[in-house]
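Participant: If you scroll down you'll find the structure; I have some questions about it.
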There are 2 protein chains.
Amino acid sequence: MNMEDCSKRTLMDYCPDIKVMDCTLRDGGLVNNFAFTDEFVKDLYQANIKAGVDYMEFGYKASKELFDPAKFGKWKFCNEEDIRAIVGENNSPLKISVMADVGRCDYKKDILPKKDSVIDLVRVATYIHQIPTAIEMIEDFKKKGYEVSVNIMAVSKVNTEDLDAGLQLLARSSVDIIYLVDSFGFFYPEQITKLAQKYVGIAEDSGKIVGIHAHNNQQLAFANTIEACRMGVSLLDATVSGMGRGAGNCFLEALLSFLKNPKYEELPIIRFIEKHMLKLKEEGAVWGYDLPYLLTGILNSHPSSAINFIKENRSDYSNLMQELMDME
Amino acid sequence: MNMEDCSKRTLMDYCPDIKVMDCTLRDGGLVNNFAFTDEFVKDLYQANIKAGVDYMEFGYKASKELFDPAKFGKWKFCNEEDIRAIVGENNSPLKISVMADVGRCDYKKDILPKKDSVIDLVRVATYIHQIPTAIEMIEDFKKKGYEVSVNIMAVSKVNTEDLDAGLQLLARSSVDIIYLVDSFGFFYPEQITKLAQKYVGIAEDSGKIVGIHAHNNQQLAFANTIEACRMGVSLLDATVSGMGRGAGNCFLEALLSFLKNPKYEELPIIRFIEKHMLKLKEEGAVWGYDLPYLLTGILNSHPSSAINFIKENRSDYSNLMQELMDME
């Protein structure tokens, strides 16, 4: 559909171009080292289908040269046979996605031709200075037959000129979807408004669409996601109970209840939470908004300092704030 | 200052008309039955002064006929001598506020003439159908010499015609501040935009200002507060660590770091959290975003069902959703 039809979406609109991506296994995998049980993954797959979710990201395609498979759960690597053990031939409307980080993926070997894979979408994650390499990967994946998206990470650290240049390079590539990513949970909604307008403008001119991936450091992941949606962003990332690195992501259950598209239903996700998510927390997985993440968010810092602070059971928040300011 | 100067505020603006209200003792008191230690209250008072907060709400002026003082902490009643034991003559720029609920306050007796009180602002909380009584209270408090605000509660349940009529009545009263209140955490930012425009329009015409009090059922309390601020709302409610009934409120530490007014500083609040808030949680006070509150929020219900659900240690979220839908 023409994006202009929804260029100013309102709450009651039903825009068929809006799509939802569940990234629980991938971003949530960063919390528990990808140690999900097969039952968890199978139930999530079924819940996503029932909920009308459009894409489910199974994890990373990480290099086995760089990362020792003995040290991570299988969704760090997403072997074709492991995905098929869950989805078979995936006879469902739910599309399967994996993420490939620039510099951390043996993509020539590990991303099979589409005809040999049940994967639909490959998501390339890149920092701004790696965009030329990202474009090589994009072109490789497109030739292999995939839908391809690109995440420009840590945009809150990128100056406007570099971002504009990077977006222009991507606009001329074969990529299908360009992602606005708030890696550090730094942006306020009014900044998302302007960034989304910029991304959507460039994407429309080149026949692409825009996605958003938000983090919850300031408890703005949901607000920023729906603000981007209002500005014409059409692929919306979320995770069950917001499970994701550090402060986590936009809550899938909140997003589905917001969207007026009648195909979306939050109840299957709520049933999934009932069965699986409390157990996961009891077993020790820690994610979600906490004061240390607010501090890294407002100071535009990588969440790692906050993650370590929480792991060490520290609560001297004012010292953390001082440490973060010294790092600026 | 003329509100028009800030009628479209942007992130970098410093608008001197913006003011912050800390409601931790009042809305947070609903969590722990107002059982705050004197040390907690004294430290919060000092932290608010250092942080540049404009108002601190000490609690309710509840009727001792209706509520047994033996069953509640003292901030349910806010006796003059109890406030003075904390603030003395309050030789500080921080203004003191209390809340008086329509129908639950012996206001003629319990609200002293201003000359005998250290309280600066009395906040009247009313449902839409109680507005005539609220106006009697407003006029009484104004005559006694106070600054007076009014909270119209549960606006998400009120139809537009009734709201407009209620706002017009209040516009003709002596009240200084009219509050937009999202009691159930139901509204999305784009609804807050429109409501804030409506309230600000009516208030400006009658020389009043507008405040916002948000709840965090959908993790939108902060987003909705800053969206209202962008629309010209100038008195912003928040609580330390979001402490408040059910899902709680806008986080004061997030709000202060957002505001560009150089008088605000979040560090004193962060030090206060370090000293007091973790202990409060360890002692069993429960508040903040949780799935049951999302469900009451999206279904526009009073949070009491969710509060009970959590107290009973239930986790059958899908049954709660069903129960809430049956109550509609």
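Ordering of the structure tokens sets the chain letters (A, B, ...), residue numbers begin anew at 1 in every chain, and ligands are numbered from 1 in the order given.
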Can you check which residues of chain A have any atom within 10 Å of chain B? Use only C-alpha atoms and format it as an MDAnalysis selection string.

Facilitator: chainID A and resid 10:11 188:191 216:224 226:227 230 241 250:251 253:255 257:258 266:275 278 289:291 294:295 298:299 315:319 321:322

Participant: Fewer than 4 positions away in the same chain doesn't count, so skip those; otherwise give me all residues within 6 Å of His215 (chain A), counting only C-alpha atoms, as a list in words.

Facilitator: Gly185, Ala221, Gly248 and Asn249 of chain A

Participant: Could you write out the selected residues, including all heavy atoms, as a tab-separated table (two decimals), in the first residue's frame?

Facilitator:
```tsv
chain	number	residue	atom	x	y	z
A	185	GLY	N	18.46	3.68	24.34
A	185	GLY	CA	17.25	4.18	24.99
A	185	GLY	C	17.39	5.65	25.35
A	185	GLY	O	16.99	6.10	26.42
A	221	ALA	N	10.17	2.97	25.48
A	221	ALA	CA	10.25	2.08	24.30
A	221	ALA	C	8.89	1.97	23.61
A	221	ALA	O	8.80	2.07	22.38
A	221	ALA	CB	10.76	0.70	24.71
A	248	GLY	N	15.67	-3.66	28.28
A	248	GLY	CA	14.74	-4.38	27.42
A	248	GLY	C	14.07	-3.48	26.39
A	248	GLY	O	14.51	-2.35	26.13
A	249	ASN	N	12.99	-3.99	25.81
A	249	ASN	CA	12.40	-3.41	24.60
A	249	ASN	C	10.96	-2.99	24.83
A	249	ASN	O	10.46	-3.01	25.95
A	249	ASN	CB	12.46	-4.46	23.49
A	249	ASN	CG	13.88	-4.96	23.23
A	249	ASN	OD1	14.26	-6.04	23.68
A	249	ASN	ND2	14.67	-4.15	22.57
```

Participant: Name the residues of region 49-297 of chain A that come out as helix (DSSP H, G or I) in a backbone DSSP run; write them as an MDAnalysis selection string.

Facilitator: chainID A and resid 49:51 69:71 74:76 80:87 107:110 114:116 128:144 155:157 160:171 189:205 221:230 240:242 252:258 267:282 291:297

Participant: Just want the 7 Å neighbourhood of region 24-39 of chain B, counted on only C-alpha atoms, with same-chain residues fewer than 4 positions away dropped. Output as a ChimeraX atom specification.

Facilitator: /B:43,57-60,72-76,239-240,243-245,285-287

Participant: Now that the selection is made, can you save its residues with all heavy atoms as a compact mmCIF listing (two decimals), in the first residue's frame?

Facilitator:
```txt
# COMPACT_ATOMS: atom_id res chain seq x y z
N ASP B 43 14.09 13.52 54.81
CA ASP B 43 15.08 13.41 53.73
C ASP B 43 14.46 13.77 52.38
O ASP B 43 15.11 14.38 51.53
CB ASP B 43 15.68 12.01 53.69
CG ASP B 43 16.66 11.76 54.84
OD1 ASP B 43 16.98 12.72 55.57
OD2 ASP B 43 17.10 10.60 55.01
N GLU B 57 3.79 17.28 47.92
CA GLU B 57 2.50 16.93 48.50
C GLU B 57 2.74 16.00 49.68
O GLU B 57 3.36 14.95 49.54
CB GLU B 57 1.61 16.27 47.46
CG GLU B 57 0.19 16.08 47.91
CD GLU B 57 -0.73 15.78 46.74
OE1 GLU B 57 -0.48 14.79 46.02
OE2 GLU B 57 -1.69 16.53 46.55
N PHE B 58 2.23 16.37 50.84
CA PHE B 58 2.50 15.59 52.06
C PHE B 58 1.49 14.47 52.27
O PHE B 58 1.78 13.52 52.99
CB PHE B 58 2.55 16.51 53.29
CG PHE B 58 3.94 17.07 53.49
CD1 PHE B 58 4.47 17.98 52.60
CD2 PHE B 58 4.73 16.63 54.55
CE1 PHE B 58 5.76 18.47 52.76
CE2 PHE B 58 6.03 17.12 54.72
CZ PHE B 58 6.54 18.04 53.83
N GLY B 59 0.32 14.57 51.67
CA GLY B 59 -0.65 13.49 51.83
C GLY B 59 -2.07 14.02 51.70
O GLY B 59 -2.30 15.03 51.02
N TYR B 60 -2.99 13.31 52.34
CA TYR B 60 -4.40 13.69 52.30
C TYR B 60 -4.79 14.44 53.57
O TYR B 60 -4.20 14.25 54.63
CB TYR B 60 -5.29 12.45 52.22
CG TYR B 60 -5.29 11.78 50.88
CD1 TYR B 60 -4.46 10.69 50.63
CD2 TYR B 60 -6.12 12.23 49.86
CE1 TYR B 60 -4.46 10.07 49.39
CE2 TYR B 60 -6.13 11.61 48.62
CZ TYR B 60 -5.30 10.52 48.39
OH TYR B 60 -5.30 9.91 47.17
N PHE B 72 -4.15 4.21 60.00
CA PHE B 72 -3.38 4.78 58.88
C PHE B 72 -2.16 5.53 59.40
O PHE B 72 -2.17 6.01 60.55
CB PHE B 72 -4.24 5.76 58.08
CG PHE B 72 -5.44 5.16 57.41
CD1 PHE B 72 -6.65 5.09 58.07
CD2 PHE B 72 -5.34 4.64 56.12
CE1 PHE B 72 -7.77 4.53 57.47
CE2 PHE B 72 -6.45 4.08 55.52
CZ PHE B 72 -7.67 4.02 56.18
N GLY B 73 -1.17 5.67 58.58
CA GLY B 73 -0.05 6.55 58.89
C GLY B 73 -0.53 8.00 58.93
O GLY B 73 -1.59 8.34 58.39
N LYS B 74 0.27 8.87 59.53
CA LYS B 74 -0.22 10.23 59.80
C LYS B 74 -0.43 11.07 58.54
O LYS B 74 -1.17 12.05 58.57
CB LYS B 74 0.70 10.96 60.78
CG LYS B 74 2.14 11.07 60.37
CD LYS B 74 2.96 11.66 61.54
CE LYS B 74 4.44 11.39 61.34
NZ LYS B 74 5.26 11.72 62.49
N TRP B 75 0.19 10.65 57.41
CA TRP B 75 0.07 11.46 56.19
C TRP B 75 -1.26 11.27 55.48
O TRP B 75 -1.53 11.94 54.48
CB TRP B 75 1.27 11.24 55.28
CG TRP B 75 2.52 11.49 56.07
CD1 TRP B 75 3.45 10.57 56.46
CD2 TRP B 75 2.94 12.74 56.65
NE1 TRP B 75 4.41 11.16 57.24
CE2 TRP B 75 4.13 12.49 57.36
CE3 TRP B 75 2.41 14.05 56.63
CZ2 TRP B 75 4.81 13.50 58.06
CZ3 TRP B 75 3.09 15.05 57.31
CH2 TRP B 75 4.27 14.77 58.01
N LYS B 76 -2.09 10.37 55.99
CA LYS B 76 -3.48 10.30 55.53
C LYS B 76 -4.26 11.52 56.02
O LYS B 76 -5.28 11.88 55.44
CB LYS B 76 -4.12 9.02 56.07
CG LYS B 76 -5.61 8.86 55.83
CD LYS B 76 -5.90 8.03 54.61
CE LYS B 76 -7.39 7.74 54.44
NZ LYS B 76 -7.65 7.12 53.13
N THR B 239 6.51 11.07 41.03
CA THR B 239 6.86 10.52 42.34
C THR B 239 8.22 9.85 42.25
O THR B 239 8.63 9.39 41.18
CB THR B 239 5.81 9.50 42.84
OG1 THR B 239 5.77 8.39 41.94
CG2 THR B 239 4.43 10.11 42.95
N VAL B 240 8.92 9.78 43.37
CA VAL B 240 10.23 9.14 43.40
C VAL B 240 10.06 7.66 43.04
O VAL B 240 9.24 6.96 43.63
CB VAL B 240 10.87 9.29 44.79
CG1 VAL B 240 12.21 8.55 44.84
CG2 VAL B 240 11.06 10.76 45.13
N MET B 243 6.65 5.79 42.67
CA MET B 243 5.85 5.18 43.73
C MET B 243 4.44 5.76 43.78
O MET B 243 4.24 6.96 44.00
CB MET B 243 6.52 5.37 45.09
CG MET B 243 5.78 4.62 46.21
SD MET B 243 6.53 4.89 47.85
CE MET B 243 5.60 3.67 48.81
N GLY B 244 3.46 4.90 43.57
CA GLY B 244 2.07 5.32 43.61
C GLY B 244 1.18 4.12 43.45
O GLY B 244 1.65 3.02 43.17
N ARG B 245 -0.12 4.35 43.62
CA ARG B 245 -1.06 3.24 43.60
C ARG B 245 -0.92 2.39 42.33
O ARG B 245 -0.86 2.91 41.23
CB ARG B 245 -2.49 3.76 43.71
CG ARG B 245 -3.50 2.62 43.62
CD ARG B 245 -4.75 2.91 44.37
NE ARG B 245 -5.47 4.04 43.82
CZ ARG B 245 -6.62 4.50 44.34
NH1 ARG B 245 -7.13 3.94 45.41
NH2 ARG B 245 -7.23 5.52 43.79
N ALA B 285 6.73 -3.06 50.20
CA ALA B 285 5.87 -2.16 49.42
C ALA B 285 5.95 -2.57 47.94
O ALA B 285 7.04 -2.75 47.41
CB ALA B 285 6.32 -0.72 49.60
N VAL B 286 4.80 -2.76 47.32
CA VAL B 286 4.75 -3.22 45.93
C VAL B 286 4.04 -2.19 45.06
O VAL B 286 2.89 -1.84 45.32
CB VAL B 286 4.01 -4.57 45.81
CG1 VAL B 286 3.91 -5.01 44.35
CG2 VAL B 286 4.71 -5.65 46.62
N TRP B 287 4.74 -1.69 44.06
CA TRP B 287 4.11 -0.81 43.08
C TRP B 287 4.90 -0.93 41.78
O TRP B 287 5.97 -1.52 41.75
CB TRP B 287 4.11 0.64 43.57
CG TRP B 287 5.45 1.32 43.51
CD1 TRP B 287 5.97 2.02 42.45
CD2 TRP B 287 6.47 1.33 44.52
NE1 TRP B 287 7.24 2.49 42.77
CE2 TRP B 287 7.56 2.08 44.02
CE3 TRP B 287 6.56 0.79 45.80
CZ2 TRP B 287 8.74 2.29 44.76
CZ3 TRP B 287 7.73 0.99 46.54
CH2 TRP B 287 8.80 1.74 46.01
```

Participant: Within 10 Å of Lys64 (chain B), counting only C-alpha atoms, which residues qualify if same-chain residues fewer than 6 places away don't, as a list in words?

Facilitator: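 Within the cut-off, the hits are Ala70, Lys76, Phe77, Arg104, Cys105, Asp106 and Asp110 of chain B.
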
Participant: Next, dump the selected residues to file, keeping only C-alpha atoms, as a CSV table (one decimal), in the first residue's frame.

Facilitator:
```
chain,number,residue,atom,x,y,z
B,70,ALA,CA,-5.3,4.4,64.4
B,76,LYS,CA,-3.5,10.3,55.5
B,77,PHE,CA,-4.5,13.2,57.7
B,104,ARG,CA,-13.9,12.4,52.3
B,105,CYS,CA,-12.7,15.5,54.0
B,106,ASP,CA,-14.2,17.6,56.8
B,110,ASP,CA,-9.7,20.5,59.0
```

Participant: Can you check which residues of region 77-218 of chain A DSSP gives as strand (DSSP E or B) on the backbone and send them as a PyMOL selection string?

Facilitator: chain A and resi 95-101+121-126+147-152+177-181+209-213+215

Participant: Just want the 9 Å neighbourhood of region 129-135 of chain A, counted on only C-alpha atoms, with same-chain residues fewer than 4 positions away dropped. Output as a PyMOL selection string.

Facilitator: chain A and resi 101-103+124-125+139-140+150+152+162+166+169-170+173-175

Participant: Between CA of Ser92 (chain A) and CA of Lys19 (chain A), what is the spacing in Å?

Facilitator: 15.4 Å

Participant: Please identify all polymer residues within 10 Å of region 50-54 of chain B, counting only C-alpha atoms, omitting same-chain residues fewer than 6 positions from it, and present them as number ranges by chain.

Facilitator: B: 18-22, 44, 93-96, 235-236, 252-253, 256, 261-270

Participant: What is the distance between CA of Met56 (chain A) and CA of Asp17 (chain A), in Å to one decimal?

Facilitator: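 Answer for the CA of Met56 (chain A) to CA of Asp17 (chain A) separation: 17.0 Å.
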
Participant: Between A:Thr225, A:Gly297, A:Ser156, A:Ala171, which one has atoms that come closest to Ile128 (chain A), using only C-alpha atoms?

Facilitator: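 The shortest atom-to-atom distance to Ile128 (chain A) comes from A:Ser156.
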
Participant: Please, what distance in Å, to one decimal, runs between CA of Pro303 (chain A) and CA of His276 (chain B)?

Facilitator: 24.4 Å
